[in-house]
Amino acid sequence: MTLSRRTFLGGAAASGALLVAGCRDDGSPSGPATTRPRPDAGAARRVVVAGAGLAGLTAALDLSDGGWDVVIMEARPRPGGRVLTLRDPFSRGLHAEGGGESIDDNHHDLLAMVDRFDLSTEQRRANRESTGVVYRQGRRWGIADFVAQRGGRVLEDYDRFDGLLARTAEGVDPAHPERSDRAEELDARSAADLIDELAPGPEARFLIESDTRSYYNAEPADISLLFLAQQWNVGSEVPYGAEETMRVAGGNSTLAEAMAAELGAALHLGQPLQSVDHHREGVVVTGADQVWDAAHLVLAVPPRPLRDVRFSPGLPPAVATMIDGLDLGPAAKVITEYGRPFWRDDGRSGLTVTDLPFGVSWDAADSYDTGGPGLLTAFITGDAAGVLSELGDDERIAEVHRQMDEVYPEGRALRTDHAATTAWRNEPLTGGGYAVYAPGQVVPYWPVLREPVGRIHFAGEHTEALGGYMESAVRSGHRIAAEIGPAPG
């Protein structure tokens, strides 16, 4: 069996808002702004990129290589977006990922970017699932023992769900799921509906729901079955054992920092996107205290912050509806330092699947030598993430520690005073962990996200067939730069 855990990726951020105004029937801007004269002679060779996560940084590097004068606006005081390596408050030499976590063996675009900057990767522990733990109804099990219950029926039901999902996904094009013959039907249903259709036993249902909730950072009832089928077909490209095998050596943020350093003065930190005036020849982009005239604008940001950007003229209704409706799933992490990685004492990996609110945990430092201490990351998704995100950081950490002590009482005395948390739903520049399409959203939103609006282009993990990974963000940056092409001669 595979209890795979999607780790959320880097993305971008910019702050801003949406006004819906008049457009032509074909979706192009209408009104006087379409003939606005260009005041800046250099604008014809300039592209503005909003968002300095992996998507925006990748697009900016490619565009710069293509001869464009690139301006990158980033509202945060740092590059990286949802790629965030945490070092404070852990003991010296320790680090953990507060955002984008792991890399698959076939994440070739991300790995090529790592090579470009002479960085390296470090391998995570293999066979984490088979040496993991299940905690349910107050009892701790080894995963192998848990799935062997009921004469092996638990594992059979778990595998039957994979088979049912594979059959459901037949004919769904990963690149264009909205074109499937059954697109409307599948999009109207949820992942929970498919689980109910299978009618698994209680233990298998618990595993399937937990797997789905943590993989898509949302409750099964809040996930479109068409999106689930589309992602299944994308994931079929990954061989067993090739998922989540590595991290960037020294922390994933080292990659974003290296990309930003190469871009140099083109990167403007603390510069939130406030308004966009767009016309046939280009865009005028306003930040906190600067205005740029450009031929193109790349919105390498998730939808939520775009709800605060003023667009003039307003974006086409289908685009405005997508921005208003598409959210990232609630996701939070609590990372705890222990005096030593006690879970390894009897060969356990630290991977834990529970019926408690924290849901899933893993060894945050299984890819490097800590010199002694251990780090456990608790990953909270779905409704529980919404509840725990309402708490302050200290309260959230304390609550997760209470739950962790229930699962691992032997770790209580080893816990140090060093812990960190991220609650991405509370981040106004992202609004969540990574994209998830709710029932009824794939058919109307999928094609809209992948088409430019005049000189405005959308990038980010939420725009890719492979959703929710750092790889997704890098792919989207490459795609948008190729869409824009080289600078005019």
# chains A, B, ... in the order shown; residues from 1 in each chain; ligands from 1
$ residues_around --residues "Asp69 in chain A" --least-positions-apart "2" --cutoff "9 Å" --atoms "only C-alpha atoms" --output "list in words"
Gly42, Ala43, Arg45, Arg46, Val47, Val48, Leu63, Ser64, Gly67, Val71, Ala266 and Ala487 of chain A
$ write_last_selection --atoms "N, CA and C atoms" --output "short mmCIF file (atom, residue, chain, number, x, y, z; two decimals), in the first residue's frame"
data_model
loop_
_atom_site.label_atom_id
_atom_site.label_comp_id
_atom_site.auth_asym_id
_atom_site.auth_seq_id
_atom_site.Cartn_x
_atom_site.Cartn_y
_atom_site.Cartn_z
N GLY A 42 10.78 52.27 -22.83
CA GLY A 42 11.36 50.97 -22.52
C GLY A 42 10.35 49.90 -22.22
N ALA A 43 9.06 50.25 -22.19
CA ALA A 43 8.04 49.30 -21.77
C ALA A 43 7.88 48.15 -22.76
N ARG A 45 9.92 46.29 -24.00
CA ARG A 45 10.84 45.18 -23.70
C ARG A 45 10.82 44.81 -22.21
N ARG A 46 9.74 45.21 -21.53
CA ARG A 46 9.68 44.97 -20.08
C ARG A 46 8.53 44.02 -19.75
N VAL A 47 8.78 43.13 -18.79
CA VAL A 47 7.74 42.27 -18.22
C VAL A 47 7.77 42.46 -16.71
N VAL A 48 6.61 42.67 -16.12
CA VAL A 48 6.48 42.72 -14.66
C VAL A 48 5.98 41.36 -14.19
N LEU A 63 12.60 34.75 -18.63
CA LEU A 63 12.34 35.97 -19.41
C LEU A 63 13.60 36.81 -19.51
N SER A 64 14.36 36.90 -18.43
CA SER A 64 15.62 37.64 -18.48
C SER A 64 16.58 36.99 -19.46
N GLY A 67 15.99 38.02 -22.99
CA GLY A 67 16.24 39.40 -23.40
C GLY A 67 15.29 40.43 -22.84
N VAL A 71 10.97 43.06 -14.12
CA VAL A 71 10.73 43.64 -12.80
C VAL A 71 9.92 42.62 -12.00
N ALA A 266 16.55 43.41 -10.04
CA ALA A 266 15.23 43.25 -10.67
C ALA A 266 14.16 42.91 -9.64
N ALA A 487 12.12 38.59 -26.07
CA ALA A 487 11.85 40.03 -26.20
C ALA A 487 11.96 40.45 -27.66
#
$ atom_distance --atom1 "CA of Asp394 in chain A" --atom2 "CA of His95 in chain A"
19.2 Å
$ select_by_dssp --residues "range 39-218 of chain A" --states "strand (DSSP E)" --output "JSON, numbers by chain"
{"A": [46, 47, 48, 49, 50, 69, 70, 71, 72, 73, 74, 85, 86, 96, 97, 121, 122, 123, 133, 134, 135, 136, 139, 140, 141, 142]}
$ closest_atom_pairs --of "range 95-191 of chain A" --to "range 250-263 of chain A" --cutoff "10 Å" --atoms "only C-alpha atoms" --output "JSON lines"
{"residue": "A:His95", "atom": "CA", "partner": "A:Gly251", "partner_atom": "CA", "distance": 6.9}
{"residue": "A:Ala96", "atom": "CA", "partner": "A:Gly251", "partner_atom": "CA", "distance": 7.2}
{"residue": "A:Glu97", "atom": "CA", "partner": "A:Gly251", "partner_atom": "CA", "distance": 7.2}
{"residue": "A:Gly98", "atom": "CA", "partner": "A:Asn252", "partner_atom": "CA", "distance": 9.9}
{"residue": "A:Gly99", "atom": "CA", "partner": "A:Asn252", "partner_atom": "CA", "distance": 9.1}
{"residue": "A:Gly100", "atom": "CA", "partner": "A:Asn252", "partner_atom": "CA", "distance": 7.5}
{"residue": "A:Glu101", "atom": "CA", "partner": "A:Asn252", "partner_atom": "CA", "distance": 7.4}
{"residue": "A:Ser102", "atom": "CA", "partner": "A:Asn252", "partner_atom": "CA", "distance": 8.8}
{"residue": "A:Ile103", "atom": "CA", "partner": "A:Asn252", "partner_atom": "CA", "distance": 9.9}
{"residue": "A:Leu110", "atom": "CA", "partner": "A:Leu255", "partner_atom": "CA", "distance": 9.5}
{"residue": "A:Met113", "atom": "CA", "partner": "A:Leu255", "partner_atom": "CA", "distance": 8.0}
{"residue": "A:Val114", "atom": "CA", "partner": "A:Leu255", "partner_atom": "CA", "distance": 6.6}
{"residue": "A:Asp115", "atom": "CA", "partner": "A:Leu255", "partner_atom": "CA", "distance": 9.9}
{"residue": "A:Arg116", "atom": "CA", "partner": "A:Met259", "partner_atom": "CA", "distance": 9.4}
{"residue": "A:Phe117", "atom": "CA", "partner": "A:Ala258", "partner_atom": "CA", "distance": 6.6}
{"residue": "A:Asp118", "atom": "CA", "partner": "A:Ala258", "partner_atom": "CA", "distance": 9.5}
{"residue": "A:Leu119", "atom": "CA", "partner": "A:Leu255", "partner_atom": "CA", "distance": 7.5}
{"residue": "A:Ser120", "atom": "CA", "partner": "A:Gly250", "partner_atom": "CA", "distance": 8.7}
{"residue": "A:Thr121", "atom": "CA", "partner": "A:Gly250", "partner_atom": "CA", "distance": 8.5}
{"residue": "A:Glu122", "atom": "CA", "partner": "A:Gly250", "partner_atom": "CA", "distance": 8.5}
$ residues_around --residues "Glu209 in chain A" --least-positions-apart "4" --cutoff "7 Å" --atoms "only C-alpha atoms" --output "PyMOL selection string"
chain A and resi 205+213+220
$ write_last_selection --atoms "N, CA and C atoms" --output "short mmCIF file (atom, residue, chain, number, x, y, z; two decimals), in the first residue's frame"
data_model
loop_
_atom_site.label_atom_id
_atom_site.label_comp_id
_atom_site.auth_asym_id
_atom_site.auth_seq_id
_atom_site.Cartn_x
_atom_site.Cartn_y
_atom_site.Cartn_z
N ARG A 205 -11.82 2.94 5.68
CA ARG A 205 -12.38 4.28 5.46
C ARG A 205 -11.52 5.33 6.15
N ARG A 213 -7.44 13.54 2.69
CA ARG A 213 -7.43 14.82 3.39
C ARG A 213 -6.02 15.42 3.43
N PRO A 220 -12.55 15.41 2.22
CA PRO A 220 -12.99 14.72 1.00
C PRO A 220 -14.26 15.32 0.38
#
$ residues_around --residues "Glu427 in chain A" --least-positions-apart "4" --cutoff "10 Å" --atoms "only C-alpha atoms" --output "number ranges by chain"
A: 13, 82, 305, 422-423, 431-433
$ residues_around --residues "Ala221 in chain A" --least-positions-apart "3" --cutoff "6 Å" --atoms "only C-alpha atoms" --output "ChimeraX atom specification"
/A:190-192
$ residues_around --residues "range 405-410 of chain A" --least-positions-apart "6" --cutoff "9 Å" --atoms "only C-alpha atoms" --output "VMD selection string"
chain A and resid 135 138 to 140 342 to 343 352 354
$ select_by_dssp --residues "range 271-411 of chain A" --states "helix (DSSP H, G or I)" --output "ChimeraX atom specification"
/A:303-306,317-325,342-344,382-389,393-407,409-411
$ closest_residue --among "A:Trp362, A:Tyr368, A:Phe227, A:Tyr437" --to "Val133 in chain A" --atoms "only C-alpha atoms"
A:Trp362
$ residues_around --residues "Leu328 in chain A" --least-positions-apart "6" --cutoff "10 Å" --atoms "only C-alpha atoms" --output "list in words"
Tyr216, Asn217, Ala218, Pro302, Pro303, Arg304, Trp424, Arg425, Thr430, Gly431, Gly432, Gly433, Tyr434, Ala435, Val436, Tyr437, His462 and Gly468 of chain A
$ atom_distance --atom1 "CA of Arg76 in chain A" --atom2 "CA of Asp277 in chain A"
22.7 Å
$ atom_distance --atom1 "CA of Val443 in chain A" --atom2 "CA of His176 in chain A"
9.3 Å
$ closest_residue --among "A:Phe146, A:Phe311, A:Phe379, A:Phe358" --to "His279 in chain A" --atoms "only C-alpha atoms"
A:Phe311
$ decode --residues "range 386-484 of chain A" --atoms "C-alpha atoms" --output "short mmCIF file (atom, residue, chain, number, x, y, z; two decimals), in the first residue's frame"
data_model
loop_
_atom_site.label_atom_id
_atom_site.label_comp_id
_atom_site.auth_asym_id
_atom_site.auth_seq_id
_atom_site.Cartn_x
_atom_site.Cartn_y
_atom_site.Cartn_z
CA GLY A 386 -9.33 25.69 10.03
CA VAL A 387 -9.96 25.25 13.75
CA LEU A 388 -6.29 25.23 14.78
CA SER A 389 -5.54 28.21 12.55
CA GLU A 390 -7.93 30.23 14.69
CA LEU A 391 -5.56 29.79 17.62
CA GLY A 392 -2.50 31.89 18.25
CA ASP A 393 0.85 30.29 17.49
CA ASP A 394 1.63 29.37 21.10
CA GLU A 395 -1.84 27.91 21.63
CA ARG A 396 -1.63 25.92 18.38
CA ILE A 397 1.75 24.49 19.35
CA ALA A 398 0.51 23.57 22.84
CA GLU A 399 -2.57 21.83 21.45
CA VAL A 400 -0.58 19.79 18.93
CA HIS A 401 1.91 18.86 21.66
CA ARG A 402 -0.97 17.58 23.77
CA GLN A 403 -2.09 15.39 20.87
CA MET A 404 1.46 14.25 20.06
CA ASP A 405 1.98 13.23 23.69
CA GLU A 406 -1.10 11.05 23.42
CA VAL A 407 0.42 9.18 20.48
CA TYR A 408 4.01 9.18 21.75
CA PRO A 409 4.01 9.49 25.57
CA GLU A 410 7.65 8.40 25.60
CA GLY A 411 8.56 11.62 23.80
CA ARG A 412 7.10 14.02 26.34
CA ALA A 413 10.20 14.17 28.54
CA LEU A 414 12.45 14.58 25.48
CA ARG A 415 10.62 17.57 24.05
CA THR A 416 12.68 20.75 24.17
CA ASP A 417 11.35 24.29 24.35
CA HIS A 418 11.95 24.77 20.62
CA ALA A 419 8.94 24.56 18.31
CA ALA A 420 7.64 26.50 15.31
CA THR A 421 4.38 26.68 13.43
CA THR A 422 2.99 27.95 10.15
CA ALA A 423 -0.71 28.41 9.42
CA TRP A 424 -0.94 29.22 5.73
CA ARG A 425 -4.65 29.96 5.80
CA ASN A 426 -3.79 32.98 7.96
CA GLU A 427 -1.31 34.32 5.40
CA PRO A 428 -3.10 37.11 3.47
CA LEU A 429 -0.57 36.79 0.64
CA THR A 430 -1.48 33.13 0.02
CA GLY A 431 -4.61 32.17 1.94
CA GLY A 432 -3.76 28.49 2.24
CA GLY A 433 -1.41 25.65 1.49
CA TYR A 434 -1.99 24.67 -2.14
CA ALA A 435 -4.81 24.65 -4.64
CA VAL A 436 -7.78 22.33 -4.34
CA TYR A 437 -10.78 22.41 -6.65
CA ALA A 438 -14.12 22.02 -4.90
CA PRO A 439 -17.06 20.25 -6.56
CA GLY A 440 -18.27 22.24 -9.53
CA GLN A 441 -15.06 24.26 -9.97
CA VAL A 442 -12.88 22.29 -12.40
CA VAL A 443 -15.03 22.70 -15.51
CA PRO A 444 -15.42 26.51 -15.26
CA TYR A 445 -12.06 27.37 -13.68
CA TRP A 446 -9.54 25.02 -15.30
CA PRO A 447 -9.46 26.55 -18.80
CA VAL A 448 -9.66 30.11 -17.48
CA LEU A 449 -6.48 29.75 -15.40
CA ARG A 450 -4.50 28.54 -18.37
CA GLU A 451 -5.31 31.31 -20.85
CA PRO A 452 -3.95 34.86 -20.76
CA VAL A 453 -6.21 37.88 -20.54
CA GLY A 454 -4.62 40.05 -23.16
CA ARG A 455 -1.13 40.78 -21.78
CA ILE A 456 -1.90 39.30 -18.34
CA HIS A 457 -0.69 35.72 -17.67
CA PHE A 458 -1.38 33.41 -14.70
CA ALA A 459 1.38 31.31 -13.12
CA GLY A 460 1.71 29.20 -9.98
CA GLU A 461 1.18 25.63 -8.84
CA HIS A 462 -2.57 26.06 -9.13
CA THR A 463 -2.23 26.56 -12.91
CA GLU A 464 -0.44 23.25 -13.62
CA ALA A 465 -1.75 19.77 -14.37
CA LEU A 466 0.52 18.57 -11.55
CA GLY A 467 -0.82 20.58 -8.66
CA GLY A 468 0.56 21.27 -5.20
CA TYR A 469 4.30 20.81 -5.58
CA MET A 470 7.39 22.98 -5.85
CA GLU A 471 7.87 21.25 -9.20
CA SER A 472 4.44 22.55 -10.24
CA ALA A 473 5.49 26.12 -9.58
CA VAL A 474 8.72 25.80 -11.56
CA ARG A 475 6.88 24.19 -14.48
CA SER A 476 4.39 27.02 -14.55
CA GLY A 477 7.15 29.62 -14.65
CA HIS A 478 8.76 27.91 -17.62
CA ARG A 479 5.39 27.60 -19.37
CA ILE A 480 4.50 31.27 -19.03
CA ALA A 481 7.93 32.45 -20.17
CA ALA A 482 7.60 30.24 -23.24
CA GLU A 483 4.10 31.63 -23.84
CA ILE A 484 5.44 35.20 -23.82
#
